[in-house]
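Single-structure report; data block below.
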Amino acid sequence: MAMGLQLPISTSLPSSSSSSSSSPALLGPRNLRNLRTFCSVNGRATAKAKIPVPPINPKDPFLSKLTSVAATSPETLLNRPVNSETPPFLDLFESPKLMATPAQVERSVSYNEHRPRRPPPDLPSLLLHGRIVYIGMPLVPAVTELVVAELMYLQWMDPKEPIYIYINSTGTTRDDGETVGMETEGFAIYDAMMQLKNEIHTVAVGAAIGQACLLLSAGTKGKRFMMPHAKAMIQQPRVPSSGLMPASDVLIRAKEIVTNRDTLVKLLAKHTGNPEETVANVMRRPFYMDATRAKEFGVVDKVLWRGQEKIMSDVAPPEDWDKGAGIKVVDGI
């Protein structure tokens with residue numbers, strides 16, 4: 001870029017001396033216009049050269065919660081304690097905080113005090129900072145490319161620290177069952193996971209359907225988690241739309257689907273600990289599992305549920321709230 005900037009300046013400046021030609025004050029109006037045009041064109045070219053990132057689903061509950069916390073208090077996400085036993089950022093769901101007392105609200109300096117002092121970090125950087133690979137969309141080629149690249153990058157950064165894969169995906173199909181990607185998209189992420197040296201902690205934070213359920217069960221034994229109201233489902237691969245294909249091509253594609261089904265059955269049986277016959281039988285129709293059923297089937301090892309009893313027991317009684325707020329209770333009213 002530096003060599004490119006020197007070219008229009010040297011061609012448009014008068015050849016008086018080296019010191020005078022390098023001074024911006026001696027540039028004429030025409031030369032300044034040429035320089036501005038050159039910089040703006042090259043700036044647009046640089047902006048267009050960014051790496052494409054799949055769009056973020058605005059209806060995703062995990063990303064919505066993470067966005068609200070990052071906007072209000074980004075320091076709580078950037079400065080987090082190191083605890084390898086608990087997957088990061090999930091305490092946002094399991095440890096809700098009570099509102100401040102009325103006295104604390106009244107003592108606020110300004111109405112804008114709750115706003116962050118600096119812009120919140122962007123979500124992809126925030127997740128990667130926590131060594132999190134988030135699969136929040138169906139497994140289309142763009143998602144697979146990004147997930148595999150993040151896995152390779154995190155292993156390159158530290159091959160000993162664990163990698164957390166959060167899953168909220170319908171696999172290679174949409175929620176209505178329409179095929180959106182080939183089965184090889186899920187197998188590509190699975191093979192990348194198997195090649196990593198790091199421990200892989202998988203967490204289901206929404207739906208893990210089809211190939212996404214395979215990725216959930218492929219985590220390190222003992223490190224496969226599931227949120228209490230998440231769903232897992234295994235199903236047979238679906239034949240994509242054949243359109244105007246000849247009959248011979250349809251037969252070839254059908255044979256490939258059967259091969260992918262057999263591969264999926266073997267891998268699920270390997271990671272869940274069930275016989276292949278059992279997995280094949282339940283896969284004849286869509287087999288839905290809640291968190292408890294998924295744990296019994298061997299898809300996950302632990303359900304991340306702390307219960308609300310402890311939260312309610314920690315709430316101070318109304319008298320303590322009134323006392324802390326400076327409210328005096330008058331007898332006889």
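Order determines the names: the first chain of the structure tokens is A, the second B, and so forth; residues in each chain are numbered 1 upward, and ligands are numbered 1 upward as they are shown.
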query = What lies within 12 Å of Ile200 of chain A using only C-alpha atoms, ignoring chain neighbours under 2 positions off, as a ChimeraX atom specification?
reply = /A:84,87,131-133,151,154-155,159-166,190,192-198,202-203,215-225
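Listed by chain and then by rising number, the residues of segment 177-329 of chain A that DSSP assigns to strand (DSSP E) from the backbone are Ile200, His201, Thr202, Val203, Ala204, Val205, Gly206, Ala207, Ala208, Ile209, Arg224, Phe225, Met226, Lys231, Ala232, Met233, Ile234, Phe287, Tyr288, Met289, Lys302 and Val303 of chain A.
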key: Given only C-alpha atoms as the counted atoms, nearest of A:Pro58, A:Gly136, A:Gly186, A:Pro124 to Gly206 of chain A   = A:Gly136
Counting only C-alpha atoms, which residues in segment 189-261 of chain A sit no more than 10 Å from segment 274-293 of chain A? For each one, give the nearest pair of atoms and the distance in Å, sorted by chain then residue number, as JSON lines.
```
{"residue": "A:Ala204", "atom": "CA", "partner": "A:Ala291", "partner_atom": "CA", "distance": 9.2}
{"residue": "A:Ala207", "atom": "CA", "partner": "A:Asp290", "partner_atom": "CA", "distance": 9.8}
{"residue": "A:Ala208", "atom": "CA", "partner": "A:Met289", "partner_atom": "CA", "distance": 9.7}
{"residue": "A:Ile209", "atom": "CA", "partner": "A:Tyr288", "partner_atom": "CA", "distance": 8.6}
{"residue": "A:Gly210", "atom": "CA", "partner": "A:Pro286", "partner_atom": "CA", "distance": 9.0}
{"residue": "A:Phe225", "atom": "CA", "partner": "A:Ala291", "partner_atom": "CA", "distance": 9.1}
{"residue": "A:Met226", "atom": "CA", "partner": "A:Ala291", "partner_atom": "CA", "distance": 6.2}
{"residue": "A:Met227", "atom": "CA", "partner": "A:Ala291", "partner_atom": "CA", "distance": 7.0}
{"residue": "A:Pro228", "atom": "CA", "partner": "A:Ala291", "partner_atom": "CA", "distance": 5.7}
{"residue": "A:His229", "atom": "CA", "partner": "A:Ala291", "partner_atom": "CA", "distance": 6.6}
{"residue": "A:Ala230", "atom": "CA", "partner": "A:Ala291", "partner_atom": "CA", "distance": 6.3}
{"residue": "A:Lys231", "atom": "CA", "partner": "A:Asp290", "partner_atom": "CA", "distance": 5.0}
{"residue": "A:Ala232", "atom": "CA", "partner": "A:Met289", "partner_atom": "CA", "distance": 5.1}
{"residue": "A:Met233", "atom": "CA", "partner": "A:Tyr288", "partner_atom": "CA", "distance": 4.4}
{"residue": "A:Ile234", "atom": "CA", "partner": "A:Phe287", "partner_atom": "CA", "distance": 5.4}
{"residue": "A:Gln235", "atom": "CA", "partner": "A:Pro286", "partner_atom": "CA", "distance": 4.8}
{"residue": "A:Gln236", "atom": "CA", "partner": "A:Met283", "partner_atom": "CA", "distance": 5.9}
{"residue": "A:Pro237", "atom": "CA", "partner": "A:Met283", "partner_atom": "CA", "distance": 9.7}
{"residue": "A:Arg261", "atom": "CA", "partner": "A:Ala280", "partner_atom": "CA", "distance": 8.9}
```
message = Taking only segment 114-298 of chain A into account, list the residues labelled helix (DSSP H, G or I) by DSSP (computed from the backbone), as a ChimeraX atom specification.
response = /A:123-129,141-157,183-195,211-217,247-272,276-282,291-297
Next, write the just-selected residues to a file, as an mmCIF file, in the first residue's frame, keeping C-alpha atoms as the atom set.
```cif
data_model
loop_
_atom_site.group_PDB
_atom_site.id
_atom_site.type_symbol
_atom_site.label_atom_id
_atom_site.label_comp_id
_atom_site.auth_asym_id
_atom_site.auth_seq_id
_atom_site.Cartn_x
_atom_site.Cartn_y
_atom_site.Cartn_z
ATOM 1 C CA LEU A 123 -19.709 -11.518 19.039
ATOM 2 C CA PRO A 124 -17.401 -13.644 16.828
ATOM 3 C CA SER A 125 -14.312 -12.177 18.527
ATOM 4 C CA LEU A 126 -15.904 -12.535 21.951
ATOM 5 C CA LEU A 127 -16.715 -16.204 21.394
ATOM 6 C CA LEU A 128 -13.289 -16.955 19.955
ATOM 7 C CA HIS A 129 -11.702 -15.200 22.937
ATOM 8 C CA PRO A 141 -20.804 -24.966 3.232
ATOM 9 C CA ALA A 142 -20.150 -21.451 4.612
ATOM 10 C CA VAL A 143 -20.794 -22.613 8.188
ATOM 11 C CA THR A 144 -18.625 -25.697 7.762
ATOM 12 C CA GLU A 145 -15.773 -23.628 6.366
ATOM 13 C CA LEU A 146 -15.885 -21.215 9.306
ATOM 14 C CA VAL A 147 -16.181 -23.938 11.981
ATOM 15 C CA VAL A 148 -13.262 -25.987 10.626
ATOM 16 C CA ALA A 149 -11.115 -22.844 10.351
ATOM 17 C CA GLU A 150 -11.893 -21.865 13.956
ATOM 18 C CA LEU A 151 -11.045 -25.351 15.207
ATOM 19 C CA MET A 152 -7.699 -25.279 13.435
ATOM 20 C CA TYR A 153 -6.968 -21.765 14.705
ATOM 21 C CA LEU A 154 -7.756 -22.621 18.342
ATOM 22 C CA GLN A 155 -5.523 -25.688 18.206
ATOM 23 C CA TRP A 156 -2.735 -23.563 16.743
ATOM 24 C CA MET A 157 -3.171 -21.002 19.520
ATOM 25 C CA GLU A 183 -24.130 -34.977 4.660
ATOM 26 C CA THR A 184 -20.423 -34.436 4.041
ATOM 27 C CA GLU A 185 -20.726 -31.032 5.741
ATOM 28 C CA GLY A 186 -21.319 -32.721 9.080
ATOM 29 C CA PHE A 187 -18.676 -35.374 8.405
ATOM 30 C CA ALA A 188 -16.137 -32.644 7.611
ATOM 31 C CA ILE A 189 -16.608 -31.017 11.037
ATOM 32 C CA TYR A 190 -16.570 -34.448 12.699
ATOM 33 C CA ASP A 191 -13.267 -35.404 11.050
ATOM 34 C CA ALA A 192 -11.760 -32.058 12.066
ATOM 35 C CA MET A 193 -12.814 -32.693 15.670
ATOM 36 C CA MET A 194 -11.245 -36.140 15.642
ATOM 37 C CA GLN A 195 -7.919 -34.733 14.374
ATOM 38 C CA GLN A 211 -25.600 -34.384 11.984
ATOM 39 C CA ALA A 212 -25.582 -31.810 14.802
ATOM 40 C CA CYS A 213 -26.509 -34.598 17.228
ATOM 41 C CA LEU A 214 -23.504 -36.567 15.966
ATOM 42 C CA LEU A 215 -21.232 -33.592 16.684
ATOM 43 C CA LEU A 216 -22.749 -33.287 20.160
ATOM 44 C CA SER A 217 -22.018 -36.930 20.976
ATOM 45 C CA ALA A 247 -33.472 -42.441 -13.350
ATOM 46 C CA SER A 248 -29.924 -43.816 -13.291
ATOM 47 C CA ASP A 249 -28.628 -40.679 -11.520
ATOM 48 C CA VAL A 250 -31.420 -40.854 -8.956
ATOM 49 C CA LEU A 251 -30.416 -44.454 -8.199
ATOM 50 C CA ILE A 252 -26.773 -43.438 -7.741
ATOM 51 C CA ARG A 253 -27.741 -40.665 -5.350
ATOM 52 C CA ALA A 254 -30.024 -43.000 -3.396
ATOM 53 C CA LYS A 255 -27.138 -45.467 -2.933
ATOM 54 C CA GLU A 256 -24.957 -42.645 -1.632
ATOM 55 C CA ILE A 257 -27.633 -41.682 0.895
ATOM 56 C CA VAL A 258 -27.780 -45.292 2.141
ATOM 57 C CA THR A 259 -23.990 -45.294 2.534
ATOM 58 C CA ASN A 260 -24.133 -42.049 4.540
ATOM 59 C CA ARG A 261 -26.874 -43.529 6.718
ATOM 60 C CA ASP A 262 -24.766 -46.582 7.524
ATOM 61 C CA THR A 263 -21.796 -44.346 8.356
ATOM 62 C CA LEU A 264 -23.967 -42.211 10.626
ATOM 63 C CA VAL A 265 -25.264 -45.307 12.424
ATOM 64 C CA LYS A 266 -21.727 -46.597 13.057
ATOM 65 C CA LEU A 267 -20.493 -43.278 14.409
ATOM 66 C CA LEU A 268 -23.508 -42.764 16.674
ATOM 67 C CA ALA A 269 -23.150 -46.303 18.003
ATOM 68 C CA LYS A 270 -19.458 -45.665 18.673
ATOM 69 C CA HIS A 271 -19.989 -42.459 20.665
ATOM 70 C CA THR A 272 -23.216 -43.367 22.478
ATOM 71 C CA GLU A 276 -25.636 -50.520 15.827
ATOM 72 C CA GLU A 277 -28.927 -52.425 15.621
ATOM 73 C CA THR A 278 -30.418 -50.260 18.376
ATOM 74 C CA VAL A 279 -29.339 -47.031 16.702
ATOM 75 C CA ALA A 280 -30.610 -48.228 13.308
ATOM 76 C CA ASN A 281 -33.998 -49.156 14.781
ATOM 77 C CA VAL A 282 -34.599 -45.811 16.499
ATOM 78 C CA ALA A 291 -31.989 -33.740 28.142
ATOM 79 C CA THR A 292 -32.747 -36.691 30.427
ATOM 80 C CA ARG A 293 -33.441 -39.091 27.553
ATOM 81 C CA ALA A 294 -30.299 -37.970 25.721
ATOM 82 C CA LYS A 295 -28.226 -38.690 28.821
ATOM 83 C CA GLU A 296 -29.763 -42.159 29.133
ATOM 84 C CA PHE A 297 -29.148 -42.865 25.449
#
```
message = If we count only C-alpha atoms and set the cut-off at 8 Å, which residues sit around Val180 of chain A, ignoring sequence neighbours fewer than 3 positions away in its own chain? Please answer as a list in words.
response =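 Selected residues are Pro138, Leu139, Val140, Thr172, Thr173 and Arg174 of chain A.
Picture a line from atom CA of Glu75 of chain A to atom CA of Phe62 of chain A; it runs 18.4 Å.
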request  = Fewer than 6 positions away in the same chain doesn't count, so skip those; otherwise give me all residues within 9 Å of Gly130 of chain A, counting only C-alpha atoms, as a ChimeraX atom specification.
outcome  = /A:77-78,80,88-89,163-164
Pick from A:Asp320, A:Asp122, A:Asp301, A:Glu199 nearest to Pro74 of chain A, counting only C-alpha atoms = A:Asp122
message = One decimal, in Å: what's the spacing between atom CA of Ile167 of chain A and atom CA of Ile135 of chain A?
response = 4.9 Å
message = Using Å and a single decimal, report how far atom CA of Val205 of chain A sits from atom CA of Leu304 of chain A.
response = 9.9 Å
